[in-house]
Each structure stands twice: as C-alpha cells, then as structure tokens.
Amino acid sequence: MTTFHTRLDGIDLLAGTWGRGAPHDQFTKLRSQAPVYWHPEPGGGPAGFPPGPGFWAIAKHADIRAITHDYETFSSERGGTLIKDATEDELAAMRFTILCMDPPRHSRYRKLVSRGFTARMVQKLTDEIERRAALVVDDVCERGAVDFVARIAAQVPVQMICEMMGLNKELWPRFIELSDAVMGSPDDPDYVGGADGPIAASAELYMLCAETAADRRVNPRDDLMTALVNAEVDGERLTDLELNLFYVTLVVAGNETTRNIISHAMLALIDNPSEAQRFRDDPGLWTTGVEEMLRWGHPIHNLRRTATRDTTLRGVPIRAGDKLVLCYASGNRDEDVFVEPNRFDVGRTPNDHLTFGGGGVHYCLGANLARAEARAMMQQLVERLPDVQLAGPVDRLHSDFVHGVKHMPVTFTPAAPRRLD
C-alpha cells in the first residue's frame, strides 16, 4: 500500500482534468494503491492561480462518510469547501453560507429554511413538479433537436426554486444565466474575464435579493424569501450580507445541482439504452433507478475539509491545517460498497451512494426536491422521447467542484405535445 507523500504516475485531480469527465481510471488506482493520497497544487490554469500547499485526496467511501460525520476534526468553516485556498476576506464572506459553517452555528442557520425542503413539503409539490416536467417536453417535442441542458435539464429546477423563493417569472431565464456565472469555474476558459463573471453575477443577484426582500417586508407571502426576512438567529434578524448569501446559495444550488443530475442521467441512458427500456418494461424500477442516476451523475465532484487537529487516516498522519478533499466521484464507484461499480444498473440495490454529501450535518438540504425533479423529468423523457441521441460533443465544465454540463446537443424523433395547460 502506497502512503504518505509517495507520488503515483498519472494522477491529476485538478480542474483541467474534469473537463474530460470524471477520471475514474485515476480513482481506481487511488482506491487500490493510495486511498489517502498527497496531491500537489502547482498553480496555473486559465486564471493563473498561484501554487497551493497540496491536499490529501480521500478516495474510499468509508473514509468520506466518516469525515463528513466528524465536523469537530474535519471543518467546513476553517478553510471553506473549495480546494483552492481563499483569502481571509473571501473566507469571511464564505462563512456566512451554510456550506461553509460548522455546528452549532450551521444548525441554527439550516433550521431557517429546512421546513421548506422536508419530504412532506416536497410531496405536496409533486403534482406541480410533474406538471412542469410535462410542459417542458411539450415545449421541445416537436423540434427534434435542442440543447438538452438549456431547453430541458435546466427548466424544472430553476422554475421550482424560483417559485419557492417567490421570484418573478420574467426573471427566471436571467437567473439561469446568473447561476451559471456564479458556479462557473475560474479554471474554465468560458468563465475567465467575461462580463458575467462570478463577482458581477453575484452582485446582480444581491440587488435582486434586496428588491425582493424589501417587497416581502411590506407584502409577506407564503414563500422562502418571506421566511428569511422574518427569520431570527440568536434573537436577531439576518443582516443584509447574511440574507444575500443565503439567497444566492438557495437559488444557485437549488437549480444547478439538479440540472446536472438530469443531464448526466440522460447521458447514462443514451449510453445504456437497455436500461431505459427496463423502465418502460417495469415502471416499478423508478425508485431504484433515480438512486442509480444520483450515484452515476454526482453533481459535486469534490468538497474540502480542513483538519482542526493532528490525527491519522488509514495510518497516514494528518496534521492540523491540512486540506482533505473528499472525492465523491471515487466513493460512488468504490468496489467495497458497490457490485460492478462501473456498470449503470437502474435496479441496483442496495445503493449507498454519497451524492448528497454522505450524511452528517451537511447532508444536502434539497435532496428530496432533487429526487422528485429528476424523477419527473426523466420519466417524461423516457416515455415520450424514447430515442434521444447525442448530436455533437458534450461540453463539460472545467471544474474540480461542480460536475457540470454546459451544453449537450441532442436529437430525437419529433412528437406531438400533450398540452396539459
């Protein structure tokens, strides 16, 4: 077993690698030879990042799960959740987002909106989610060719989170553009130096947040924004900065992650048409099938934790301040957990995937909503557009954080709409 700082040939987990898809061959090597692997950070890339100190790549399912449950030793707040080190000013702002908080602070903030995402609340939204998914297919089915990401995968997630936040319908297309810019990787040439960079996009979202918040203070509604402007933490209302960052986190995460789940699910069915046919032959497979789509198309590649004290992992010494990168793409293909992990199997059970964070305090707030949206959209596609095929190369996001698809041209046999509305 290779441990400590020994180098393995062919291992590169930095952002440029991910533009070609998840490096599963590298993860297979890491899981068998160096499941706790020291990875250097040479710097560079389109944004010209300076070299970093390096990080421990965590490749095994059991270790990822254990770390997510031990927030006292492995902090989200200490250094944030992105691989690259942030400045102190950047970290100060990031620590106002629940993704970069540790308990007990994290627990208090999460409670502000958690009721809106419970299984019971999402169940109440199921009919509306299914109605919107059917309308998305109605809108494209006669065309025979579309960009799958923009015209199909993005639609229901952004519509639902904007509806839940109480955002004006005419702004929904702009929210897709802004969330793309916020999540766009600085390692991706498409997002370096553009007018809609993450800073400019965030500023525009903050402005829209302020406008919506001001309205809700005067005209409260039954939506998440009203809940946020009236929320209190330790007896005090949220500051403008806290409200802005909470708002951006919910709007962006609430549509980007599920959009990518749907895009990767479609890719999996294109590559495995017999699995799509299994759904048609046995609709009872949709429950296990959605879980397999989540395992296969993990929306997040990696999340960082920072060690708060000296410890060991599989005999490897970890020092206080070290970065650990939880490789969810690797954990979801772990041979010790999944039979034939590189096979897409819509009937897979059990399926203990790590897609929503591996449990612990940071278990994805929107997991129930994402499942419902992905299921509704994919059911419509499998039933009504049974021969979707790629019409060109898949344009993937160059990011070591988001498992994103920017563009995916597809063709299909045109079909008649159902016009439910």
# chains A, B, ... in the order shown; residues from 1 in each chain; ligands from 1
>>> residues_around(residues="Ala86 in chain A", least_positions_apart="6", cutoff="12 Å", atoms="only C-alpha atoms", output="PyMOL selection string")
chain A and resi 49-50+52+77-80+92-95
>>> write_last_selection(atoms="C-alpha atoms", output="PDB file, in the first residue's frame")
ATOM      1  CA  PHE A  49      -3.727  30.699  -9.736  1.00  0.00           C
ATOM      2  CA  PRO A  50      -0.603  30.671  -7.552  1.00  0.00           C
ATOM      3  CA  GLY A  52      -1.046  25.870  -3.276  1.00  0.00           C
ATOM      4  CA  GLU A  77     -15.616  26.544   8.267  1.00  0.00           C
ATOM      5  CA  ARG A  78     -11.872  26.621   8.866  1.00  0.00           C
ATOM      6  CA  GLY A  79     -10.826  26.798   5.211  1.00  0.00           C
ATOM      7  CA  GLY A  80     -14.080  26.648   3.272  1.00  0.00           C
ATOM      8  CA  ALA A  92     -15.075  35.776   5.921  1.00  0.00           C
ATOM      9  CA  ALA A  93     -17.838  36.096   3.308  1.00  0.00           C
ATOM     10  CA  MET A  94     -17.987  32.357   2.597  1.00  0.00           C
ATOM     11  CA  ARG A  95     -18.557  31.650   6.287  1.00  0.00           C
TER      12      ARG A  95
END
>>> closest_residue(among="A:Val137, A:Met266, A:Leu250, A:Ile64", to="Arg304 in chain A", atoms="only C-alpha atoms")
A:Ile64
>>> residues_around(residues="range 378-388 of chain A", least_positions_apart="3", cutoff="9 Å", atoms="only C-alpha atoms", output="MDAnalysis selection string")
chainID A and resid 130 133:134 137 141 262 265:266 269:270 273 276:277 279:280 286 290 373:375 410:415
>>> closest_residue(among="A:Met183, A:Met207, A:Leu397, A:Leu267", to="Leu243 in chain A", atoms="only C-alpha atoms")
A:Met207
>>> residues_around(residues="Trp56 in chain A", least_positions_apart="2", cutoff="9 Å", atoms="only C-alpha atoms", output="PyMOL selection string")
chain A and resi 36-40+54+58+318+322-326
>>> write_last_selection(atoms="C-alpha atoms", output="CSV table (one decimal), in the first residue's frame")
chain,number,residue,atom,x,y,z
A,36,VAL,CA,-5.2,8.7,1.3
A,37,TYR,CA,-3.0,10.4,-1.3
A,38,TRP,CA,-1.0,13.6,-1.1
A,39,HIS,CA,-1.7,15.7,-4.2
A,40,PRO,CA,0.4,18.7,-5.1
A,54,GLY,CA,-1.3,20.5,-1.6
A,58,ILE,CA,-9.7,10.9,0.0
A,318,ILE,CA,-2.8,14.2,9.0
A,322,ASP,CA,-4.0,20.1,6.2
A,323,LYS,CA,-6.6,20.1,3.4
A,324,LEU,CA,-8.6,16.9,2.8
A,325,VAL,CA,-10.5,16.7,-0.5
A,326,LEU,CA,-13.5,14.3,-0.4
>>> closest_residue(among="A:Tyr71, A:Phe27, A:Tyr206, A:Trp18", to="Gly359 in chain A", atoms="only C-alpha atoms")
A:Tyr71
>>> atom_distance(atom1="CA of Glu275 in chain A", atom2="CA of Asp400 in chain A")
28.9 Å
>>> decode(residues="range 218-262 of chain A", atoms="C-alpha atoms", output="mmCIF file, in the first residue's frame")
data_model
loop_
_atom_site.group_PDB
_atom_site.id
_atom_site.type_symbol
_atom_site.label_atom_id
_atom_site.label_comp_id
_atom_site.auth_asym_id
_atom_site.auth_seq_id
_atom_site.Cartn_x
_atom_site.Cartn_y
_atom_site.Cartn_z
ATOM 1 C CA VAL A 218 -44.232 45.052 3.199
ATOM 2 C CA ASN A 219 -46.102 42.305 1.331
ATOM 3 C CA PRO A 220 -45.364 38.966 3.001
ATOM 4 C CA ARG A 221 -46.198 35.782 1.092
ATOM 5 C CA ASP A 222 -46.033 32.056 1.694
ATOM 6 C CA ASP A 223 -42.515 31.688 0.266
ATOM 7 C CA LEU A 224 -38.913 31.183 1.394
ATOM 8 C CA MET A 225 -37.954 34.836 0.982
ATOM 9 C CA THR A 226 -40.660 35.892 3.436
ATOM 10 C CA ALA A 227 -39.365 33.259 5.845
ATOM 11 C CA LEU A 228 -35.817 34.603 5.506
ATOM 12 C CA VAL A 229 -36.633 38.300 6.015
ATOM 13 C CA ASN A 230 -38.561 37.404 9.180
ATOM 14 C CA ALA A 231 -36.057 34.832 10.460
ATOM 15 C CA GLU A 232 -34.029 35.345 13.612
ATOM 16 C CA VAL A 233 -30.768 33.761 14.723
ATOM 17 C CA ASP A 234 -29.982 34.195 18.405
ATOM 18 C CA GLY A 235 -32.757 36.774 18.643
ATOM 19 C CA GLU A 236 -31.535 38.942 15.757
ATOM 20 C CA ARG A 237 -32.718 39.312 12.171
ATOM 21 C CA LEU A 238 -30.360 38.384 9.349
ATOM 22 C CA THR A 239 -28.049 41.145 8.185
ATOM 23 C CA ASP A 240 -28.153 42.207 4.530
ATOM 24 C CA LEU A 241 -24.956 40.215 3.881
ATOM 25 C CA GLU A 242 -26.342 37.102 5.540
ATOM 26 C CA LEU A 243 -29.609 37.419 3.635
ATOM 27 C CA ASN A 244 -27.804 37.943 0.316
ATOM 28 C CA LEU A 245 -25.552 34.924 0.720
ATOM 29 C CA PHE A 246 -28.383 32.698 1.939
ATOM 30 C CA TYR A 247 -30.470 33.773 -1.047
ATOM 31 C CA VAL A 248 -27.692 33.146 -3.591
ATOM 32 C CA THR A 249 -26.908 29.757 -2.068
ATOM 33 C CA LEU A 250 -30.529 28.611 -2.262
ATOM 34 C CA VAL A 251 -31.222 29.956 -5.759
ATOM 35 C CA VAL A 252 -27.987 28.714 -7.302
ATOM 36 C CA ALA A 253 -27.698 25.347 -5.553
ATOM 37 C CA GLY A 254 -31.426 24.800 -5.966
ATOM 38 C CA ASN A 255 -31.182 24.672 -9.743
ATOM 39 C CA GLU A 256 -27.578 23.933 -10.752
ATOM 40 C CA THR A 257 -27.196 20.601 -8.963
ATOM 41 C CA THR A 258 -30.441 19.058 -10.208
ATOM 42 C CA ARG A 259 -29.877 20.377 -13.725
ATOM 43 C CA ASN A 260 -26.583 18.466 -13.807
ATOM 44 C CA ILE A 261 -28.147 15.335 -12.315
ATOM 45 C CA ILE A 262 -30.732 15.340 -15.131
#
